[in-house]
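One structure is given below, encoded as structure tokens.
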Amino acid sequence: MFALYKKELQSYFLSPIAYFVIAFFIATFSLTFIMEIASVTSSTYEFSFASIFYVNLFYFIILLPLLTMRTFSEERKNGTETLLLSSPLNVTQIVMAKFLATATVLLVMLVVSIVFPLITTMYGRVIWSSLVCTYIGFFLFGLVCISLGILVSSLTEMPIIAILISELCMLLLLLMDNLGATGFISSIPVLSDVVDWFSTETKFDVFSQGLIQISDLVGFLTEIIVFLSWTIISIEKRRWSRR
């Protein structure tokens, strides 16, 4: 499994895609950071990161599908999926290796962005409790989106279709709060509970306030496990259909 993880990670950084995603994320982050500082009226800037991450959530869901479409959709398009599925690794190990490789790219993105609060400590005050919790919340939100993107990638052999569907699904995931507030959804308790469970923005909002609730942590992890489990089922079904 580690060999496949290493191969997948190298494939990201041996191509322009990982560098483009990281560079674009940092560029939008920089722009938001500058705009936030420009709007400050006091001489001391209290940096919490929450508002900056909120703005970048939408850019984020545009970028991640560029990474996740490579996991299975591109493999099928290039005809290498058959070779992958015939390897000694089981489907769970294959899915987890690809998930962890993509998660590592996400982690690199966040590590690079730490330069902004470090700069802020030189001229202002960083609210570290909020900063750390916001990073954790954003990372978990990213893992949910990655697992969802991998699921979509496993369902189609067209990378462009995988990107478009992933972006729509991630946007829907982000807007679950708005969907749950509609009269039709709120009038059906069971459906309302399902929408609340999938709501990622509400969970991230708690993290951005410098709080970590077990229920939100479990919610994020459960969503990741559910999406990865569906991916494993999808790949396993296709693997057996070829025998």
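Following the order of the structure tokens, first chain is A, next is B, and so on, with residues numbered from 1 inside each chain and ligands from 1 in the order they appear.
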
(request) Name the residues of stretch 12-241 of chain A that fall into strand (DSSP E) according to DSSP on the backbone, using the chain letters and numbers of this document, as a PyMOL selection string. (result) chain A and resi 46-47+125-126

(request) Show which residues sit within 8 Å of A:Val95, as number ranges by chain. Count only C-alpha atoms, and ignore same-chain residues fewer than 3 positions away. (result) A: 91-92, 98-99, 228, 231-232

(request) Would you mind listing what lies within 9 Å of stretch 67-84 of chain A as a count of residues only, with only C-alpha atoms counted and same-chain residues fewer than 5 positions away left out? (result) 33

(request) Calculate how many Å separate atom CA of A:Met176 from atom CA of A:Trp197, rounding to one decimal. (result) 9.2 Å

(request) Please return as a ChimeraX atom specification: the residues of stretch 80-133 of chain A that backbone DSSP assigns to helix (DSSP H, G or I). (result) /A:81-85,91-113,115-123,128-133
